>>> print(open('run08.csv').read())   # CSV, C-alpha atoms
chain,number,residue,atom,x,y,z
A,1,MET,CA,-57.7,73.7,28.4
A,2,ILE,CA,-55.5,70.8,27.1
A,3,ALA,CA,-56.5,68.8,30.2
A,4,HIS,CA,-60.2,69.3,29.4
A,5,ILE,CA,-59.7,68.0,25.8
A,6,LEU,CA,-57.7,65.1,27.1
A,7,ASN,CA,-60.4,64.4,29.6
A,8,LEU,CA,-63.1,64.5,26.9
A,9,GLY,CA,-61.1,62.1,24.8
A,10,ARG,CA,-60.7,59.7,27.7
A,11,ARG,CA,-64.4,59.9,28.4
A,12,GLY,CA,-65.1,59.1,24.7
A,13,CYS,CA,-62.8,56.1,24.8
A,14,ASP,CA,-64.4,54.9,28.0
A,15,VAL,CA,-67.8,55.0,26.4
A,16,LEU,CA,-66.6,53.2,23.3
A,17,GLU,CA,-64.9,50.6,25.5
A,18,ALA,CA,-68.1,50.1,27.5
A,19,LEU,CA,-70.1,49.7,24.3
A,20,GLY,CA,-67.6,47.1,23.0
A,21,ARG,CA,-67.6,45.3,26.3
A,22,SER,CA,-71.3,45.1,26.4
A,23,GLY,CA,-71.5,43.9,22.8
A,24,LEU,CA,-69.0,41.1,23.5
A,25,PHE,CA,-70.8,40.4,26.8
A,26,LEU,CA,-74.2,40.0,25.0
A,27,ALA,CA,-72.7,37.8,22.3
A,28,GLN,CA,-71.0,35.6,24.9
A,29,SER,CA,-74.0,35.2,27.2
A,30,ALA,CA,-76.7,34.8,24.6
A,31,VAL,CA,-75.1,32.0,22.7
A,32,GLY,CA,-74.4,28.6,24.1
A,33,VAL,CA,-76.5,25.4,24.2
A,34,PRO,CA,-78.8,25.5,27.1
A,35,SER,CA,-78.4,22.4,29.2
A,36,ARG,CA,-81.0,20.7,31.3
A,37,GLU,CA,-79.7,22.6,34.3
A,38,GLY,CA,-79.8,25.9,32.2
A,39,TRP,CA,-83.4,25.2,31.5
A,40,TYR,CA,-84.4,25.3,35.2
A,41,LEU,CA,-82.3,28.4,35.7
A,42,TRP,CA,-84.2,30.1,32.9
A,43,LEU,CA,-87.5,28.9,34.3
A,44,ARG,CA,-86.7,30.4,37.7
A,45,GLN,CA,-85.8,33.7,36.1
A,46,MET,CA,-89.0,33.6,34.0
A,47,HIS,CA,-90.9,33.2,37.2
A,48,PHE,CA,-89.1,36.2,38.7
A,49,VAL,CA,-89.1,38.6,35.8
A,50,GLY,CA,-92.2,37.4,34.0
A,51,VAL,CA,-94.8,35.9,36.3
A,52,LEU,CA,-94.2,38.3,39.2
A,53,SER,CA,-94.5,41.3,36.8
A,54,ILE,CA,-97.9,40.2,35.6
A,55,ALA,CA,-99.8,42.1,38.3
A,56,ILE,CA,-98.3,45.5,37.7
A,57,VAL,CA,-98.4,45.2,33.9
A,58,LEU,CA,-102.0,44.1,33.8
A,59,VAL,CA,-103.2,46.7,36.3
A,60,SER,CA,-101.4,49.4,34.4
A,61,GLY,CA,-102.8,48.1,31.1
A,62,LEU,CA,-106.4,48.2,32.5
A,63,PHE,CA,-106.1,51.7,33.6
A,64,ILE,CA,-104.4,53.0,30.5
A,65,GLY,CA,-107.1,51.4,28.4
A,66,MET,CA,-109.8,52.9,30.5
A,67,VAL,CA,-108.2,56.4,30.4
A,68,LEU,CA,-107.7,56.1,26.6
A,69,ALA,CA,-111.4,55.3,26.1
A,70,LEU,CA,-112.5,58.1,28.4
A,71,GLN,CA,-110.3,60.7,26.8
A,72,GLY,CA,-111.0,59.4,23.3
A,73,TYR,CA,-114.7,59.5,23.9
A,74,THR,CA,-114.8,63.1,25.0
A,75,ILE,CA,-112.9,64.1,21.8
A,76,LEU,CA,-114.6,61.8,19.4
A,77,VAL,CA,-118.1,62.6,20.6
A,78,ASP,CA,-117.7,66.2,19.4
A,79,PHE,CA,-117.3,65.0,15.9
A,80,GLY,CA,-120.1,62.4,16.3
A,81,ALA,CA,-117.5,59.7,15.6
A,82,GLU,CA,-117.7,57.8,18.9
A,83,GLN,CA,-118.1,54.6,17.0
A,84,ALA,CA,-114.4,54.9,16.1
A,85,LEU,CA,-113.5,54.5,19.8
A,86,GLY,CA,-112.6,50.9,19.5
A,87,GLN,CA,-110.3,51.6,16.6
A,88,MET,CA,-108.6,54.4,18.4
A,89,VAL,CA,-108.1,52.4,21.6
A,90,ALA,CA,-106.8,49.3,19.8
A,91,LEU,CA,-104.5,51.1,17.5
A,92,SER,CA,-102.9,53.4,20.0
A,93,LEU,CA,-102.4,50.4,22.4
A,94,LEU,CA,-101.1,48.0,19.9
A,95,ARG,CA,-98.8,50.3,18.0
A,96,GLU,CA,-97.4,52.5,20.8
A,97,LEU,CA,-98.6,52.3,24.3
A,98,SER,CA,-98.3,48.6,25.1
A,99,PRO,CA,-94.8,48.1,23.9
A,100,VAL,CA,-93.5,51.3,25.4
A,101,VAL,CA,-95.3,51.3,28.7
A,102,ALA,CA,-94.8,47.6,29.3
A,103,ALA,CA,-91.0,48.1,28.6
A,104,LEU,CA,-90.8,51.0,31.0
A,105,LEU,CA,-92.6,49.1,33.7
A,106,PHE,CA,-90.4,46.1,33.0
A,107,ALA,CA,-87.3,48.2,33.3
A,108,GLY,CA,-88.4,49.5,36.7
A,109,ARG,CA,-89.8,46.3,38.0
A,110,ALA,CA,-87.4,43.6,36.7
A,111,GLY,CA,-84.5,45.5,35.2
A,112,SER,CA,-83.4,47.3,38.3
A,113,ALA,CA,-83.8,44.0,40.3
A,114,LEU,CA,-81.6,42.2,37.8
A,115,THR,CA,-78.9,44.8,38.1
A,116,ALA,CA,-79.0,44.9,41.9
A,117,GLU,CA,-78.9,41.1,42.1
A,118,ILE,CA,-76.0,40.6,39.7
A,119,GLY,CA,-74.2,43.6,41.2
A,120,LEU,CA,-74.4,42.2,44.7
A,121,MET,CA,-73.2,38.8,43.4
A,122,LYS,CA,-70.2,40.7,42.0
A,123,ALA,CA,-69.6,42.8,45.1
A,124,THR,CA,-69.7,39.7,47.4
A,125,GLU,CA,-67.3,38.0,44.9
A,126,GLN,CA,-69.8,35.2,44.1
A,127,LEU,CA,-69.0,35.7,40.4
A,128,SER,CA,-65.3,35.3,40.9
A,129,SER,CA,-65.9,32.2,43.1
A,130,MET,CA,-67.9,30.7,40.2
A,131,GLU,CA,-65.0,31.3,37.9
A,132,MET,CA,-62.6,29.7,40.4
A,133,ILE,CA,-64.6,26.5,40.5
A,134,GLY,CA,-64.8,26.4,36.7
A,135,VAL,CA,-68.4,27.6,36.2
A,136,ASP,CA,-68.8,30.3,33.6
A,137,PRO,CA,-70.9,33.1,35.3
A,138,LEU,CA,-71.9,34.4,31.9
A,139,ARG,CA,-73.7,31.2,31.2
A,140,ARG,CA,-74.8,30.3,34.7
A,141,VAL,CA,-76.0,33.8,35.9
A,142,VAL,CA,-76.3,36.1,33.0
A,143,ALA,CA,-77.7,33.9,30.2
A,144,PRO,CA,-80.8,32.7,31.9
A,145,ARG,CA,-81.7,36.3,33.0
A,146,LEU,CA,-81.2,37.6,29.4
A,147,TRP,CA,-83.3,34.9,27.8
A,148,ALA,CA,-86.0,35.2,30.5
A,149,GLY,CA,-86.2,38.9,29.7
A,150,PHE,CA,-86.3,38.4,25.9
A,151,VAL,CA,-89.3,36.0,26.3
A,152,ALA,CA,-91.1,37.6,29.2
A,153,LEU,CA,-91.5,41.2,27.9
A,154,PRO,CA,-93.3,40.4,24.6
A,155,LEU,CA,-95.7,38.1,26.5
A,156,LEU,CA,-96.3,40.9,29.1
A,157,THR,CA,-96.9,43.3,26.2
A,158,ILE,CA,-99.6,41.0,24.7
A,159,GLY,CA,-101.2,40.9,28.2
A,160,PHE,CA,-101.1,44.7,28.4
A,161,SER,CA,-102.8,45.1,25.0
A,162,VAL,CA,-105.5,42.6,25.8
A,163,VAL,CA,-106.3,44.0,29.2
A,164,GLY,CA,-106.1,47.6,27.8
A,165,ILE,CA,-108.6,46.8,25.0
A,166,TYR,CA,-110.9,45.2,27.6
A,167,GLY,CA,-110.5,48.3,29.8
A,168,GLY,CA,-111.5,50.5,26.9
A,169,TYR,CA,-114.5,48.2,26.4
A,170,LEU,CA,-115.5,48.6,30.0
A,171,VAL,CA,-115.4,52.4,29.9
A,172,GLY,CA,-116.5,52.9,26.3
A,173,VAL,CA,-119.3,50.4,26.0
A,174,GLU,CA,-120.4,49.5,29.5
A,175,TRP,CA,-120.2,53.0,31.0
A,176,LEU,CA,-120.4,55.6,28.2
A,177,GLY,CA,-122.7,53.6,26.0
A,178,VAL,CA,-120.9,53.3,22.7
A,179,PHE,CA,-122.6,50.6,20.7
A,180,GLU,CA,-120.8,47.3,21.3
A,181,GLY,CA,-120.9,46.2,17.7
A,182,SER,CA,-119.2,49.4,16.5
A,183,TYR,CA,-116.5,49.1,19.2
A,184,TRP,CA,-115.4,45.7,18.1
A,185,GLY,CA,-116.3,46.1,14.4
A,186,GLY,CA,-114.5,49.3,13.9
A,187,MET,CA,-111.5,47.7,15.6
A,188,GLN,CA,-111.6,44.6,13.4
A,189,SER,CA,-111.9,46.6,10.2
A,190,SER,CA,-109.0,48.9,10.9
A,191,VAL,CA,-106.5,46.7,12.8
A,192,ALA,CA,-104.2,44.6,10.6
A,193,PHE,CA,-102.6,41.6,12.2
A,194,ILE,CA,-99.2,41.9,10.6
A,195,ASP,CA,-99.0,45.6,10.4
A,196,ASP,CA,-100.3,46.5,13.8
A,197,VAL,CA,-100.1,43.5,16.1
A,198,GLY,CA,-96.9,42.2,14.4
A,199,ASN,CA,-95.1,45.5,14.4
A,200,GLY,CA,-96.0,46.1,18.0
A,201,MET,CA,-94.5,42.7,18.8
A,202,ILE,CA,-91.3,43.5,16.9
A,203,LYS,CA,-91.1,46.7,18.9
A,204,SER,CA,-91.6,44.8,22.1
A,205,MET,CA,-88.9,42.3,21.2
A,206,VAL,CA,-86.4,45.0,20.5
A,207,PHE,CA,-87.3,46.7,23.8
A,208,ALA,CA,-86.9,43.4,25.6
A,209,LEU,CA,-83.5,42.9,24.2
A,210,VAL,CA,-82.4,46.4,25.0
A,211,VAL,CA,-83.8,46.6,28.5
A,212,THR,CA,-82.5,43.2,29.7
A,213,TRP,CA,-79.2,43.8,28.0
A,214,ILE,CA,-78.7,47.1,29.8
A,215,ALA,CA,-79.9,45.6,33.1
A,216,VAL,CA,-77.6,42.6,33.2
A,217,PHE,CA,-74.6,44.5,31.7
A,218,GLN,CA,-74.9,47.3,34.3
A,219,GLY,CA,-75.0,44.7,37.0
A,220,TYR,CA,-72.0,42.8,35.6
A,221,ASP,CA,-69.9,45.9,34.9
A,222,LEU,CA,-70.4,47.9,38.0
A,223,VAL,CA,-67.9,49.1,40.6
A,224,PRO,CA,-68.4,46.4,43.3
A,225,THR,CA,-69.3,48.7,46.2
A,226,ALA,CA,-72.6,49.7,47.9
A,227,GLU,CA,-72.4,53.0,46.1
A,228,GLY,CA,-71.6,51.3,42.8
A,229,ILE,CA,-74.6,49.1,43.0
A,230,SER,CA,-77.0,52.0,43.7
A,231,ARG,CA,-75.5,54.0,40.8
A,232,ALA,CA,-75.8,51.0,38.5
A,233,THR,CA,-79.4,50.4,39.4
A,234,THR,CA,-80.2,54.0,38.8
A,235,ARG,CA,-78.3,53.9,35.5
A,236,THR,CA,-80.3,50.8,34.4
A,237,VAL,CA,-83.6,52.5,34.8
A,238,VAL,CA,-82.5,55.8,33.3
A,239,TYR,CA,-80.7,54.2,30.3
A,240,SER,CA,-83.4,51.7,29.6
A,241,SER,CA,-86.1,54.3,29.7
A,242,LEU,CA,-84.2,56.6,27.4
A,243,ALA,CA,-83.3,53.8,25.0
A,244,VAL,CA,-86.9,52.6,24.9
A,245,LEU,CA,-88.3,56.0,24.1
A,246,GLY,CA,-85.6,56.8,21.6
A,247,LEU,CA,-85.8,53.5,19.8
A,248,ASP,CA,-89.6,53.8,19.8
A,249,PHE,CA,-89.3,56.9,17.7
A,250,VAL,CA,-86.9,55.3,15.3
A,251,LEU,CA,-89.0,52.1,15.0
A,252,THR,CA,-92.2,54.1,14.6
A,253,ALA,CA,-90.7,56.2,11.8
A,254,VAL,CA,-89.5,53.0,10.0
A,255,MET,CA,-92.8,51.0,10.5
A,256,PHE,CA,-95.5,53.6,10.3
A,257,GLY,CA,-93.8,56.7,8.8
A,258,GLY,CA,-94.5,55.6,5.3
A,259,PHE,CA,-90.8,55.7,4.2
A,260,SER,CA,-90.8,52.1,3.1
B,1,MET,CA,-81.2,23.0,41.9
B,2,LYS,CA,-84.4,22.8,43.8
B,3,ARG,CA,-87.4,22.2,41.5
B,4,SER,CA,-90.6,23.7,42.4
B,5,LYS,CA,-93.8,22.5,40.7
B,6,THR,CA,-95.8,25.6,41.4
B,7,MET,CA,-93.1,27.8,39.8
B,8,GLU,CA,-93.1,25.6,36.7
B,9,LEU,CA,-96.9,25.7,36.6
B,10,GLY,CA,-96.8,29.5,37.0
B,11,VAL,CA,-94.4,30.0,34.1
B,12,GLY,CA,-96.3,27.5,32.0
B,13,LEU,CA,-99.6,29.3,32.6
B,14,PHE,CA,-97.9,32.7,31.9
B,15,MET,CA,-96.7,31.5,28.5
B,16,LEU,CA,-100.1,29.9,27.7
B,17,ALA,CA,-101.8,33.1,28.7
B,18,GLY,CA,-99.4,35.0,26.4
B,19,ILE,CA,-100.3,32.8,23.4
B,20,LEU,CA,-104.0,33.0,24.2
B,21,GLY,CA,-103.6,36.7,24.3
B,22,LEU,CA,-102.0,36.8,20.9
B,23,LEU,CA,-104.8,34.7,19.6
B,24,PHE,CA,-107.3,37.2,21.1
B,25,LEU,CA,-105.5,40.0,19.4
B,26,GLY,CA,-105.5,38.1,16.1
B,27,LEU,CA,-109.1,36.9,16.1
B,28,ARG,CA,-111.1,39.4,18.1
B,29,VAL,CA,-109.1,42.6,17.6
B,30,SER,CA,-107.8,42.4,14.1
B,31,GLY,CA,-110.6,40.2,12.8
B,32,LEU,CA,-108.5,37.5,11.2
B,33,THR,CA,-110.3,34.6,9.8
B,34,PHE,CA,-108.9,31.3,8.7
B,35,ASN,CA,-109.8,31.8,5.1
B,36,VAL,CA,-108.1,29.5,2.6
B,37,PRO,CA,-106.7,31.7,-0.2
B,38,GLY,CA,-108.9,29.8,-2.7
B,39,ASP,CA,-112.0,31.2,-1.0
B,40,THR,CA,-111.9,34.4,-3.0
B,41,PHE,CA,-111.6,35.6,-6.6
B,42,ARG,CA,-110.1,38.7,-8.2
B,43,LEU,CA,-111.7,41.4,-10.2
B,44,GLU,CA,-110.1,44.6,-11.5
B,45,ALA,CA,-111.7,48.0,-11.9
B,46,ASN,CA,-110.3,51.2,-13.3
B,47,PHE,CA,-111.3,54.5,-11.8
B,48,ALA,CA,-110.6,58.0,-13.0
B,49,ASN,CA,-110.1,59.1,-9.4
B,50,ILE,CA,-110.1,56.9,-6.3
B,51,GLY,CA,-110.2,59.8,-3.8
B,52,SER,CA,-108.8,58.4,-0.6
B,53,LEU,CA,-109.6,54.8,-1.1
B,54,LYS,CA,-107.0,52.6,0.6
B,55,PRO,CA,-106.0,48.9,0.4
B,56,ARG,CA,-108.1,46.7,2.7
B,57,ALA,CA,-111.1,48.9,2.2
B,58,ARG,CA,-114.5,47.1,2.1
B,59,VAL,CA,-116.3,46.1,-1.1
B,60,THR,CA,-120.0,46.0,-0.5
B,61,MET,CA,-123.1,45.1,-2.3
B,62,SER,CA,-126.3,46.6,-1.0
B,63,GLY,CA,-124.3,47.5,2.1
B,64,VAL,CA,-123.2,43.9,2.8
B,65,THR,CA,-119.5,43.4,2.8
B,66,VAL,CA,-118.6,40.9,0.1
B,67,GLY,CA,-114.8,41.5,-0.2
B,68,ARG,CA,-111.9,43.8,0.1
B,69,VAL,CA,-109.6,46.0,-1.9
B,70,THR,CA,-106.2,44.2,-2.1
B,71,ALA,CA,-104.1,46.6,-4.2
B,72,ILE,CA,-104.3,50.0,-5.9
B,73,GLU,CA,-101.9,50.9,-8.6
B,74,LEU,CA,-101.5,53.4,-11.4
B,75,ASP,CA,-102.5,52.0,-14.8
B,76,ARG,CA,-99.7,53.1,-17.1
B,77,ASP,CA,-101.7,52.6,-20.3
B,78,TRP,CA,-104.6,54.8,-19.4
B,79,TYR,CA,-103.1,56.8,-16.5
B,80,ASP,CA,-106.0,56.1,-14.2
B,81,ALA,CA,-106.2,54.0,-11.0
B,82,ARG,CA,-106.4,50.2,-11.3
B,83,VAL,CA,-108.0,48.7,-8.2
B,84,ILE,CA,-107.7,45.0,-7.5
B,85,LEU,CA,-110.7,43.6,-5.6
B,86,GLU,CA,-111.0,40.3,-3.9
B,87,LEU,CA,-114.5,39.0,-3.6
B,88,ASP,CA,-116.1,36.0,-1.9
B,89,ALA,CA,-115.7,32.9,-4.1
B,90,GLU,CA,-119.5,32.3,-3.8
B,91,LEU,CA,-120.1,35.3,-6.1
B,92,GLU,CA,-117.8,34.0,-8.9
B,93,GLY,CA,-119.9,33.6,-12.0
B,94,LYS,CA,-122.9,35.2,-10.3
B,95,LEU,CA,-122.2,38.9,-11.1
B,96,ALA,CA,-123.4,40.2,-14.5
B,97,ARG,CA,-120.7,41.6,-16.8
B,98,ASP,CA,-122.2,45.1,-16.6
B,99,THR,CA,-121.9,45.3,-12.8
B,100,THR,CA,-121.0,48.8,-11.8
B,101,ALA,CA,-118.5,49.7,-9.1
B,102,ALA,CA,-118.7,53.1,-7.3
B,103,ILE,CA,-116.5,54.6,-4.7
B,104,LEU,CA,-118.7,55.7,-1.8
B,105,THR,CA,-118.1,57.3,1.5
B,106,ALA,CA,-119.3,56.0,4.9
B,107,GLY,CA,-120.9,59.0,6.6
B,108,LEU,CA,-119.6,62.6,6.2
B,109,LEU,CA,-116.1,62.0,7.4
B,110,GLY,CA,-115.9,58.2,7.2
B,111,GLU,CA,-113.7,56.0,5.2
B,112,GLN,CA,-114.2,55.2,1.5
B,113,TYR,CA,-115.4,51.9,0.2
B,114,ILE,CA,-116.5,50.3,-3.0
B,115,GLY,CA,-120.2,49.6,-3.7
B,116,LEU,CA,-121.1,47.1,-6.4
B,117,THR,CA,-124.5,47.2,-8.1
B,118,VAL,CA,-125.4,44.2,-10.3
B,119,GLY,CA,-126.5,44.7,-13.9
B,120,GLY,CA,-128.6,42.6,-16.2
B,121,ASP,CA,-126.1,41.2,-18.7
B,122,PRO,CA,-126.5,37.5,-19.2
B,123,GLU,CA,-122.7,37.0,-19.2
B,124,MET,CA,-121.1,36.7,-15.9
B,125,LEU,CA,-117.8,38.0,-14.4
B,126,VAL,CA,-115.2,35.4,-13.5
B,127,ASP,CA,-111.8,35.5,-11.9
B,128,GLY,CA,-109.4,38.1,-13.4
B,129,ASP,CA,-112.1,40.1,-15.2
B,130,THR,CA,-112.4,43.8,-15.3
B,131,ILE,CA,-115.4,45.8,-14.2
B,132,ARG,CA,-116.0,48.3,-17.1
B,133,ASP,CA,-118.6,50.5,-15.6
B,134,THR,CA,-117.1,52.5,-12.7
B,135,GLN,CA,-118.0,55.7,-10.9
B,136,SER,CA,-115.2,57.7,-9.3
B,137,ALA,CA,-115.0,59.0,-5.8
B,138,LEU,CA,-116.6,62.3,-5.1
B,139,VAL,CA,-113.9,64.9,-4.6
B,140,LEU,CA,-115.1,67.9,-2.7
B,141,GLU,CA,-113.0,70.4,-4.7
B,142,GLU,CA,-114.4,69.2,-8.0
B,143,LEU,CA,-117.9,69.3,-6.6
B,144,ILE,CA,-117.5,72.9,-5.5
B,145,GLN,CA,-115.9,73.8,-8.9
B,146,GLN,CA,-118.9,72.4,-10.7
B,147,PHE,CA,-121.3,74.2,-8.4
B,148,VAL,CA,-119.5,77.5,-8.9
B,149,SER,CA,-119.3,77.1,-12.7
B,150,ASN,CA,-123.0,76.3,-12.8
B,151,MET,CA,-123.7,79.4,-10.8
B,152,VAL,CA,-121.7,81.5,-13.1
B,153,SER,CA,-123.4,80.2,-16.3
B,154,ASP,CA,-126.8,80.8,-14.8
>>> encode(input="run08.csv", output="structure tokens")
Amino acid sequence: MIAHILNLGRRGCDVLEALGRSGLFLAQSAVGVPSREGWYLWLRQMHFVGVLSIAIVLVSGLFIGMVLALQGYTILVDFGAEQALGQMVALSLLRELSPVVAALLFAGRAGSALTAEIGLMKATEQLSSMEMIGVDPLRRVVAPRLWAGFVALPLLTIGFSVVGIYGGYLVGVEWLGVFEGSYWGGMQSSVAFIDDVGNGMIKSMVFALVVTWIAVFQGYDLVPTAEGISRATTRTVVYSSLAVLGLDFVLTAVMFGGFS
Amino acid sequence: MKRSKTMELGVGLFMLAGILGLLFLGLRVSGLTFNVPGDTFRLEANFANIGSLKPRARVTMSGVTVGRVTAIELDRDWYDARVILELDAELEGKLARDTTAAILTAGLLGEQYIGLTVGGDPEMLVDGDTIRDTQSALVLEELIQQFVSNMVSD
């Protein structure tokens, strides 16, 4: 019994310690003046986490927009309110679906890769070698990846929304025959730039920070074995997904819950 | 560090596409226009009951949108709702002083908006004026109550 309680306490301390480590780690890697060299490192990571994620994000966005329009139409047409289709598609994409789904895809597509890459660098002692020759691995390896993630995910989210709204247009207007003017007009009269697009962007930035942070920290902090890498990669995806969904609820309650 | 032109181009295009996407969301989806703030003028109107009128609701005249509701607050002197309207500057000094404002509903379930009807007064409304003649929103409960009391009295 005593042993169990001791174990629980030790677990709690471990979790707190990991939290503290990750906070320090974030602070140490995110600051620092980017040099010319650092700029190219960032560019390369942008290419990897951003440009190469475009395809999956845009294709998902297109299909989600199309499904939203199809589902929304079948419900709205019962009330004779199919002219509200554009409004429904745009609001649900901008406020919820784009930030969340793009972040989940990003965690799976880029986050897991970041963890595995940094983890393998640690397992093959590349990180220690860098320290030996006087290069700070936090600034050389981690910082460009963090910053690339911060910048790439909001951009991907914008792309997701744009393509999703276009997908809704294809299904709603071109296929199901909703009047084009009411699709765009209803959207324009109900979507507020600051409240809807802006809050969606804030969500997406928070998710970008959390997902990239979890990914690089899990990579940096893992047990440097093959099993450790596989566990850390799994943890990245699980933790990021849970964090995104949980934070989404909190942010939605603050932004759209009407408590302000 | 090996530099790759195609990679740089790819990242550049990616960021440009992101900014263009944001522009699309701003202009096409949320209908932002580059209006200078001086393009509008303010009018106030007090209503006994605004129903479910919300800020950003349309203000129309003969069905044409001429402005928006910017704020709704409780008037503490009269305990009714004070609605602040922002109308196109072109209409400043063109609306008669006895213009009426009514809260109307678009369709059966639609959103509520304000309809203006011009009057015949020779004096005109200018920035900051109050519309005196207003007509409250139709509230279904009140309507039913009226109907029922009419039935009873018959």
>>> atom_distance(input="run08.csv", atom1="CA of Thr236 (chain A)", atom2="CA of Ala215 (chain A)")
5.4 Å
>>> interface_residues(input="run08.csv", of="chain A", to="chain B", cutoff="10 Å", atoms="only C-alpha atoms", output="JSON, numbers by chain")
{"A": [37, 40, 41, 43, 44, 45, 46, 47, 48, 50, 51, 52, 54, 79, 80, 81, 84, 86, 87, 90, 91, 94, 151, 152, 154, 155, 156, 157, 158, 159, 160, 161, 162, 163, 165, 183, 184, 185, 186, 187, 188, 189, 190, 191, 192, 193, 194, 196, 197, 198, 201]}
>>> closest_residue(input="run08.csv", among="B:Leu85, B:Ala45, B:Ile50, B:Leu95", to="Asp121 (chain B)", atoms="all atoms listed in the file")
B:Leu95
>>> atom_distance(input="run08.csv", atom1="CA of Met205 (chain A)", atom2="CA of Gly149 (chain A)")
9.5 Å
>>> residues_around(input="run08.csv", residues="Leu85 (chain A)", least_positions_apart="3", cutoff="8 Å", atoms="all atoms listed in the file", output="ChimeraX atom specification")
/A:69,72-73,76,81-82,88-89,172,183,186
>>> residues_around(input="run08.csv", residues="Glu125 (chain A)", least_positions_apart="5", cutoff="12 Å", atoms="only C-alpha atoms", output="PDB file with C-alpha atoms, keeping the file's coordinate frame")
ATOM      1  CA  ILE A 118     -76.000  40.600  39.700  1.00  0.00           C
ATOM      2  CA  GLY A 119     -74.200  43.600  41.200  1.00  0.00           C
ATOM      3  CA  LEU A 120     -74.400  42.200  44.700  1.00  0.00           C
ATOM      4  CA  MET A 130     -67.900  30.700  40.200  1.00  0.00           C
ATOM      5  CA  GLU A 131     -65.000  31.300  37.900  1.00  0.00           C
ATOM      6  CA  MET A 132     -62.600  29.700  40.400  1.00  0.00           C
ATOM      7  CA  PRO A 137     -70.900  33.100  35.300  1.00  0.00           C
ATOM      8  CA  TYR A 220     -72.000  42.800  35.600  1.00  0.00           C
ATOM      9  CA  VAL A 223     -67.900  49.100  40.600  1.00  0.00           C
ATOM     10  CA  PRO A 224     -68.400  46.400  43.300  1.00  0.00           C
ATOM     11  CA  THR A 225     -69.300  48.700  46.200  1.00  0.00           C
TER      12      THR A 225
END
>>> residues_near_point(input="run08.csv", point="(-113.9, 48.0, -13.8)", cutoff="7 Å", atoms="all atoms listed in the file", output="list in words")
Glu44, Ala45, Asn46, Ala101, Thr130, Ile131, Arg132, Asp133 and Thr134 of chain B
>>> atom_distance(input="run08.csv", atom1="CA of Trp39 (chain A)", atom2="CA of Lys5 (chain B)")
14.1 Å
>>> residues_near_point(input="run08.csv", point="(-76.4, 58.4, 26.7)", cutoff="12 Å", atoms="all atoms listed in the file", output="PyMOL selection string")
chain A and resi 12+15-16+18-19+214+235-236+238-243+246
>>> write_last_selection(input="run08.csv", atoms="C-alpha atoms", output="mmCIF file, keeping the file's coordinate frame")
data_model
loop_
_atom_site.group_PDB
_atom_site.id
_atom_site.type_symbol
_atom_site.label_atom_id
_atom_site.label_comp_id
_atom_site.auth_asym_id
_atom_site.auth_seq_id
_atom_site.Cartn_x
_atom_site.Cartn_y
_atom_site.Cartn_z
ATOM 1 C CA GLY A 12 -65.100 59.100 24.700
ATOM 2 C CA VAL A 15 -67.800 55.000 26.400
ATOM 3 C CA LEU A 16 -66.600 53.200 23.300
ATOM 4 C CA ALA A 18 -68.100 50.100 27.500
ATOM 5 C CA LEU A 19 -70.100 49.700 24.300
ATOM 6 C CA ILE A 214 -78.700 47.100 29.800
ATOM 7 C CA ARG A 235 -78.300 53.900 35.500
ATOM 8 C CA THR A 236 -80.300 50.800 34.400
ATOM 9 C CA VAL A 238 -82.500 55.800 33.300
ATOM 10 C CA TYR A 239 -80.700 54.200 30.300
ATOM 11 C CA SER A 240 -83.400 51.700 29.600
ATOM 12 C CA SER A 241 -86.100 54.300 29.700
ATOM 13 C CA LEU A 242 -84.200 56.600 27.400
ATOM 14 C CA ALA A 243 -83.300 53.800 25.000
ATOM 15 C CA GLY A 246 -85.600 56.800 21.600
#
>>> residues_around(input="run08.csv", residues="Val244 (chain A)", least_positions_apart="4", cutoff="7 Å", atoms="only C-alpha atoms", output="PyMOL selection string")
chain A and resi 100+207+240+248
>>> residues_around(input="run08.csv", residues="region 111-113 of chain B", least_positions_apart="5", cutoff="9 Å", atoms="all atoms listed in the file", output="PyMOL selection string")
chain B and resi 50-54+57-60+68-69+102-106+137
>>> closest_residue(input="run08.csv", among="B:Arg42, B:Ala89, B:Val83, B:Thr65", to="Asp129 (chain B)", atoms="all atoms listed in the file")
B:Arg42
>>> closest_residue(input="run08.csv", among="A:Thr74, A:Arg109, A:Gly200, A:Leu222", to="Phe256 (chain A)", atoms="only C-alpha atoms")
A:Gly200
>>> closest_residue(input="run08.csv", among="A:Gly228, A:Val141, A:Phe249, A:Gly258", to="Gly38 (chain A)", atoms="all atoms listed in the file")
A:Val141
>>> closest_residue(input="run08.csv", among="B:Ala71, B:Val148, B:Met61, B:Leu138", to="Asp88 (chain B)", atoms="only C-alpha atoms")
B:Met61
